[in-house]
Amino acid sequence: MQITRQADYALRAIYYLAQLGPNQRAATSEIAEQQNIPPSFLAKIISQLSIAGLIHTSRGARGGVSLAKPPHEITVLEVVEAIDGPIMLNECTQSPDACPFGENCALHPLWCDAKSELVERLRRATFANVAATSAAG
């Protein structure tokens, strides 16, 4: 499994915003430059993150982008799913009927357990944790 480049850029953008003080904004051009994200690509990502309720955007001279909630309330899972949709290691983890072996598939429990472990790990990883780990490293 590999997240899309768009999800990676979204994670970088949220991480950048999480490092700012509470209620601080950043221009999208600043985020793009500091996180090496193509500006045209970032515009689409910002829109998706805003729709997902993870960031606020405002236009004008005092405008910019800010987190919609504190970094400790935003998880890596939320950001990835806002961009890529639900985590799926195999189609059968979303729809068991997709497997021709149905309930007799020996691999189905493995895929479901692996997906559950990954989802739980990403759910526990908040941007406050990520920032603290980065600062300590």
# chains A, B, ... in the order shown; residues from 1 in each chain; ligands from 1

$ residues_around --residues "Glu120 (chain A)" --least-positions-apart "6" --cutoff "12 Å" --atoms "only C-alpha atoms" --output "PyMOL selection string"
chain A and resi 75-78+87+113-114+126

$ select_by_dssp --residues "region 1-120 of chain A" --states "alpha helix (DSSP H)" --output "ChimeraX atom specification"
/A:5-18,28-35,39-51,76-84,108-120

$ residues_around --residues "region 93-102 of chain A" --least-positions-apart "4" --cutoff "8 Å" --atoms "only C-alpha atoms" --output "PDB file with all heavy atoms, in the first residue's frame"
ATOM      1  N   MET A  88      -7.670   0.997   2.334  1.00  0.00           N
ATOM      2  CA  MET A  88      -7.996  -0.352   1.848  1.00  0.00           C
ATOM      3  C   MET A  88      -6.708  -1.059   1.453  1.00  0.00           C
ATOM      4  O   MET A  88      -5.992  -0.586   0.578  1.00  0.00           O
ATOM      5  CB  MET A  88      -8.890  -0.283   0.603  1.00  0.00           C
ATOM      6  CG  MET A  88     -10.337  -0.240   0.891  1.00  0.00           C
ATOM      7  SD  MET A  88     -11.440  -0.559  -0.505  1.00  0.00           S
ATOM      8  CE  MET A  88     -10.505  -0.397  -1.977  1.00  0.00           C
ATOM      9  N   LEU A  89      -6.403  -2.159   2.105  1.00  0.00           N
ATOM     10  CA  LEU A  89      -5.241  -2.937   1.698  1.00  0.00           C
ATOM     11  C   LEU A  89      -5.616  -3.889   0.576  1.00  0.00           C
ATOM     12  O   LEU A  89      -4.794  -4.236  -0.257  1.00  0.00           O
ATOM     13  CB  LEU A  89      -4.673  -3.722   2.874  1.00  0.00           C
ATOM     14  CG  LEU A  89      -4.120  -2.878   4.019  1.00  0.00           C
ATOM     15  CD1 LEU A  89      -3.564  -3.775   5.105  1.00  0.00           C
ATOM     16  CD2 LEU A  89      -3.044  -1.937   3.515  1.00  0.00           C
ATOM     17  N   HIS A 108      -8.440 -13.462   3.923  1.00  0.00           N
ATOM     18  CA  HIS A 108      -9.326 -12.374   4.341  1.00  0.00           C
ATOM     19  C   HIS A 108      -9.037 -11.904   5.781  1.00  0.00           C
ATOM     20  O   HIS A 108      -8.898 -10.692   6.011  1.00  0.00           O
ATOM     21  CB  HIS A 108     -10.793 -12.769   4.169  1.00  0.00           C
ATOM     22  CG  HIS A 108     -11.747 -11.675   4.520  1.00  0.00           C
ATOM     23  ND1 HIS A 108     -11.953 -10.579   3.710  1.00  0.00           N
ATOM     24  CD2 HIS A 108     -12.519 -11.482   5.616  1.00  0.00           C
ATOM     25  CE1 HIS A 108     -12.828  -9.768   4.279  1.00  0.00           C
ATOM     26  NE2 HIS A 108     -13.189 -10.294   5.434  1.00  0.00           N
ATOM     27  N   TRP A 111      -5.833  -9.747   5.853  1.00  0.00           N
ATOM     28  CA  TRP A 111      -6.021  -8.406   5.295  1.00  0.00           C
ATOM     29  C   TRP A 111      -6.808  -7.518   6.256  1.00  0.00           C
ATOM     30  O   TRP A 111      -6.471  -6.355   6.452  1.00  0.00           O
ATOM     31  CB  TRP A 111      -6.727  -8.456   3.945  1.00  0.00           C
ATOM     32  CG  TRP A 111      -5.891  -9.004   2.838  1.00  0.00           C
ATOM     33  CD1 TRP A 111      -6.210 -10.036   2.009  1.00  0.00           C
ATOM     34  CD2 TRP A 111      -4.592  -8.557   2.412  1.00  0.00           C
ATOM     35  NE1 TRP A 111      -5.192 -10.255   1.112  1.00  0.00           N
ATOM     36  CE2 TRP A 111      -4.184  -9.361   1.333  1.00  0.00           C
ATOM     37  CE3 TRP A 111      -3.735  -7.558   2.846  1.00  0.00           C
ATOM     38  CZ2 TRP A 111      -2.979  -9.198   0.671  1.00  0.00           C
ATOM     39  CZ3 TRP A 111      -2.520  -7.394   2.195  1.00  0.00           C
ATOM     40  CH2 TRP A 111      -2.151  -8.206   1.127  1.00  0.00           C
ATOM     41  N   CYS A 112      -7.839  -8.080   6.858  1.00  0.00           N
ATOM     42  CA  CYS A 112      -8.666  -7.284   7.777  1.00  0.00           C
ATOM     43  C   CYS A 112      -7.883  -6.881   9.028  1.00  0.00           C
ATOM     44  O   CYS A 112      -7.984  -5.739   9.485  1.00  0.00           O
ATOM     45  CB  CYS A 112      -9.924  -8.054   8.155  1.00  0.00           C
ATOM     46  SG  CYS A 112     -11.109  -8.191   6.806  1.00  0.00           S
ATOM     47  N   LYS A 115      -5.283  -4.203   8.057  1.00  0.00           N
ATOM     48  CA  LYS A 115      -5.954  -2.917   7.831  1.00  0.00           C
ATOM     49  C   LYS A 115      -6.329  -2.279   9.171  1.00  0.00           C
ATOM     50  O   LYS A 115      -6.088  -1.090   9.388  1.00  0.00           O
ATOM     51  CB  LYS A 115      -7.202  -3.112   6.975  1.00  0.00           C
ATOM     52  CG  LYS A 115      -8.010  -1.834   6.836  1.00  0.00           C
ATOM     53  CD  LYS A 115      -9.380  -2.084   6.265  1.00  0.00           C
ATOM     54  CE  LYS A 115     -10.238  -0.853   6.439  1.00  0.00           C
ATOM     55  NZ  LYS A 115     -11.617  -1.064   6.111  1.00  0.00           N
TER      56      LYS A 115
END

$ residues_around --residues "Leu11 (chain A)" --least-positions-apart "4" --cutoff "9 Å" --atoms "only C-alpha atoms" --output "PyMOL selection string"
chain A and resi 6-7+15-16+76+79-80

$ atom_distance --atom1 "CA of Val119 (chain A)" --atom2 "CA of Thr4 (chain A)"
16.1 Å

$ residues_around --residues "Ala43 (chain A)" --least-positions-apart "6" --cutoff "12 Å" --atoms "only C-alpha atoms" --output "list in words"
Gln6, Tyr9, Ala10, Ala13, Ala27, Thr28, Ser29, Ile31, Ala32, Ile37, Leu49, Ser50, Thr57, Gly64 and Val65 of chain A

$ write_last_selection --atoms "all heavy atoms" --output "compact mmCIF listing (two decimals), in the first residue's frame"
# COMPACT_ATOMS: atom_id res chain seq x y z
N GLN A 6 -0.58 13.23 -3.43
CA GLN A 6 -1.49 14.26 -2.95
C GLN A 6 -1.71 14.14 -1.44
O GLN A 6 -1.70 15.14 -0.72
CB GLN A 6 -2.82 14.14 -3.70
CG GLN A 6 -3.75 15.29 -3.50
CD GLN A 6 -4.94 15.22 -4.45
OE1 GLN A 6 -4.99 14.43 -5.38
NE2 GLN A 6 -5.92 16.05 -4.19
N TYR A 9 1.44 15.35 0.31
CA TYR A 9 1.47 16.81 0.34
C TYR A 9 0.49 17.36 1.37
O TYR A 9 0.78 18.35 2.06
CB TYR A 9 1.14 17.38 -1.04
CG TYR A 9 2.20 17.21 -2.09
CD1 TYR A 9 1.86 17.26 -3.44
CD2 TYR A 9 3.54 17.01 -1.77
CE1 TYR A 9 2.83 17.13 -4.44
CE2 TYR A 9 4.51 16.87 -2.76
CZ TYR A 9 4.15 16.93 -4.08
OH TYR A 9 5.10 16.79 -5.06
N ALA A 10 -0.67 16.75 1.49
CA ALA A 10 -1.66 17.20 2.47
C ALA A 10 -1.12 17.04 3.89
O ALA A 10 -1.28 17.93 4.74
CB ALA A 10 -2.97 16.42 2.31
N ALA A 13 1.35 19.79 4.50
CA ALA A 13 0.68 21.09 4.71
C ALA A 13 0.10 21.18 6.12
O ALA A 13 0.27 22.20 6.80
CB ALA A 13 -0.41 21.29 3.66
N ALA A 27 0.07 31.79 4.29
CA ALA A 27 -0.32 31.91 2.88
C ALA A 27 -0.03 30.57 2.20
O ALA A 27 0.94 29.88 2.55
CB ALA A 27 0.48 33.02 2.21
N THR A 28 -0.85 30.24 1.23
CA THR A 28 -0.61 28.98 0.52
C THR A 28 0.75 29.01 -0.18
O THR A 28 1.42 27.97 -0.26
CB THR A 28 -1.73 28.67 -0.50
OG1 THR A 28 -1.88 29.77 -1.38
CG2 THR A 28 -3.04 28.36 0.20
N SER A 29 1.17 30.17 -0.65
CA SER A 29 2.48 30.27 -1.30
C SER A 29 3.60 29.95 -0.31
O SER A 29 4.60 29.32 -0.67
CB SER A 29 2.68 31.66 -1.89
OG SER A 29 2.57 32.65 -0.89
N ILE A 31 3.30 27.94 2.40
CA ILE A 31 3.24 26.49 2.65
C ILE A 31 3.89 25.75 1.49
O ILE A 31 4.70 24.85 1.70
CB ILE A 31 1.78 26.03 2.83
CG1 ILE A 31 1.14 26.69 4.05
CG2 ILE A 31 1.71 24.50 2.95
CD1 ILE A 31 -0.36 26.51 4.14
N ALA A 32 3.54 26.14 0.27
CA ALA A 32 4.09 25.47 -0.91
C ALA A 32 5.61 25.56 -0.93
O ALA A 32 6.31 24.57 -1.17
CB ALA A 32 3.50 26.07 -2.18
N ILE A 37 5.91 21.84 -2.20
CA ILE A 37 4.67 21.38 -2.83
C ILE A 37 4.38 22.27 -4.02
O ILE A 37 4.36 23.50 -3.87
CB ILE A 37 3.48 21.43 -1.84
CG1 ILE A 37 3.79 20.60 -0.58
CG2 ILE A 37 2.19 20.95 -2.50
CD1 ILE A 37 2.78 20.80 0.54
N LEU A 49 -9.04 19.66 1.99
CA LEU A 49 -8.88 19.70 3.44
C LEU A 49 -9.91 20.63 4.09
O LEU A 49 -10.38 20.38 5.19
CB LEU A 49 -7.46 20.15 3.81
CG LEU A 49 -6.34 19.17 3.43
CD1 LEU A 49 -4.98 19.81 3.71
CD2 LEU A 49 -6.49 17.85 4.15
N SER A 50 -10.26 21.69 3.38
CA SER A 50 -11.28 22.61 3.87
C SER A 50 -12.66 21.94 3.90
O SER A 50 -13.39 22.03 4.88
CB SER A 50 -11.31 23.87 3.00
OG SER A 50 -12.31 24.75 3.44
N THR A 57 -9.96 28.51 5.48
CA THR A 57 -9.31 29.38 4.51
C THR A 57 -10.00 30.73 4.52
O THR A 57 -11.20 30.82 4.77
CB THR A 57 -9.36 28.79 3.08
OG1 THR A 57 -10.73 28.66 2.69
CG2 THR A 57 -8.68 27.44 3.01
N GLY A 64 -5.46 33.61 4.46
CA GLY A 64 -4.52 32.51 4.55
C GLY A 64 -5.22 31.24 4.97
O GLY A 64 -6.44 31.12 4.90
N VAL A 65 -4.42 30.31 5.42
CA VAL A 65 -4.90 28.99 5.80
C VAL A 65 -4.53 28.76 7.26
O VAL A 65 -3.42 29.08 7.69
CB VAL A 65 -4.25 27.91 4.92
CG1 VAL A 65 -4.75 26.53 5.29
CG2 VAL A 65 -4.48 28.19 3.46

$ closest_residue --among "A:Glu91, A:Gly53, A:Arg5, A:Arg12" --to "Gln34 (chain A)" --atoms "only C-alpha atoms"
A:Arg12

$ atom_distance --atom1 "CA of Glu117 (chain A)" --atom2 "CA of Gly85 (chain A)"
17.1 Å

$ residues_around --residues "Ile51 (chain A)" --least-positions-apart "6" --cutoff "12 Å" --atoms "only C-alpha atoms" --output "ChimeraX atom specification"
/A:44-45,57,68,79,82-83

$ atom_distance --atom1 "CA of Ala26 (chain A)" --atom2 "CA of Ile55 (chain A)"
11.2 Å

$ select_by_dssp --residues "chain A" --states "strand (DSSP E)" --output "PyMOL selection string"
chain A and resi 55-58+64-67

$ closest_residue --among "A:Gln48, A:Gln2, A:Leu67, A:Ile74" --to "Phe127 (chain A)" --atoms "only C-alpha atoms"
A:Ile74

$ decode --residues "region 86-126 of chain A" --atoms "C-alpha atoms" --output "CSV table (one decimal), in the first residue's frame"
chain,number,residue,atom,x,y,z
A,86,PRO,CA,-10.9,5.0,3.3
A,87,ILE,CA,-7.8,2.9,3.8
A,88,MET,CA,-8.0,-0.4,1.8
A,89,LEU,CA,-5.2,-2.9,1.7
A,90,ASN,CA,-7.4,-5.2,-0.4
A,91,GLU,CA,-10.8,-4.8,-2.0
A,92,CYS,CA,-12.2,-7.5,0.2
A,93,THR,CA,-11.6,-5.4,3.4
A,94,GLN,CA,-14.3,-3.0,2.2
A,95,SER,CA,-16.5,-5.5,0.4
A,96,PRO,CA,-16.2,-9.2,1.4
A,97,ASP,CA,-18.4,-10.1,-1.6
A,98,ALA,CA,-15.5,-9.0,-3.9
A,99,CYS,CA,-13.6,-12.2,-3.1
A,100,PRO,CA,-14.6,-15.3,-5.1
A,101,PHE,CA,-13.8,-17.4,-2.1
A,102,GLY,CA,-16.2,-15.5,0.2
A,103,GLU,CA,-16.1,-16.7,3.8
A,104,ASN,CA,-13.7,-19.5,2.9
A,105,CYS,CA,-10.8,-17.2,2.0
A,106,ALA,CA,-7.8,-18.0,4.1
A,107,LEU,CA,-6.3,-14.5,3.5
A,108,HIS,CA,-9.3,-12.4,4.3
A,109,PRO,CA,-8.6,-12.3,8.1
A,110,LEU,CA,-5.0,-11.4,7.5
A,111,TRP,CA,-6.0,-8.4,5.3
A,112,CYS,CA,-8.7,-7.3,7.8
A,113,ASP,CA,-6.3,-7.5,10.8
A,114,ALA,CA,-3.5,-5.6,8.9
A,115,LYS,CA,-6.0,-2.9,7.8
A,116,SER,CA,-7.3,-2.5,11.4
A,117,GLU,CA,-3.8,-2.2,12.8
A,118,LEU,CA,-2.8,0.4,10.2
A,119,VAL,CA,-6.0,2.4,10.7
A,120,GLU,CA,-5.6,2.4,14.5
A,121,ARG,CA,-2.0,3.5,14.3
A,122,LEU,CA,-2.8,6.4,12.0
A,123,ARG,CA,-5.8,7.3,14.2
A,124,ARG,CA,-3.5,7.5,17.2
A,125,ALA,CA,-1.0,9.7,15.4
A,126,THR,CA,-2.0,13.3,15.9
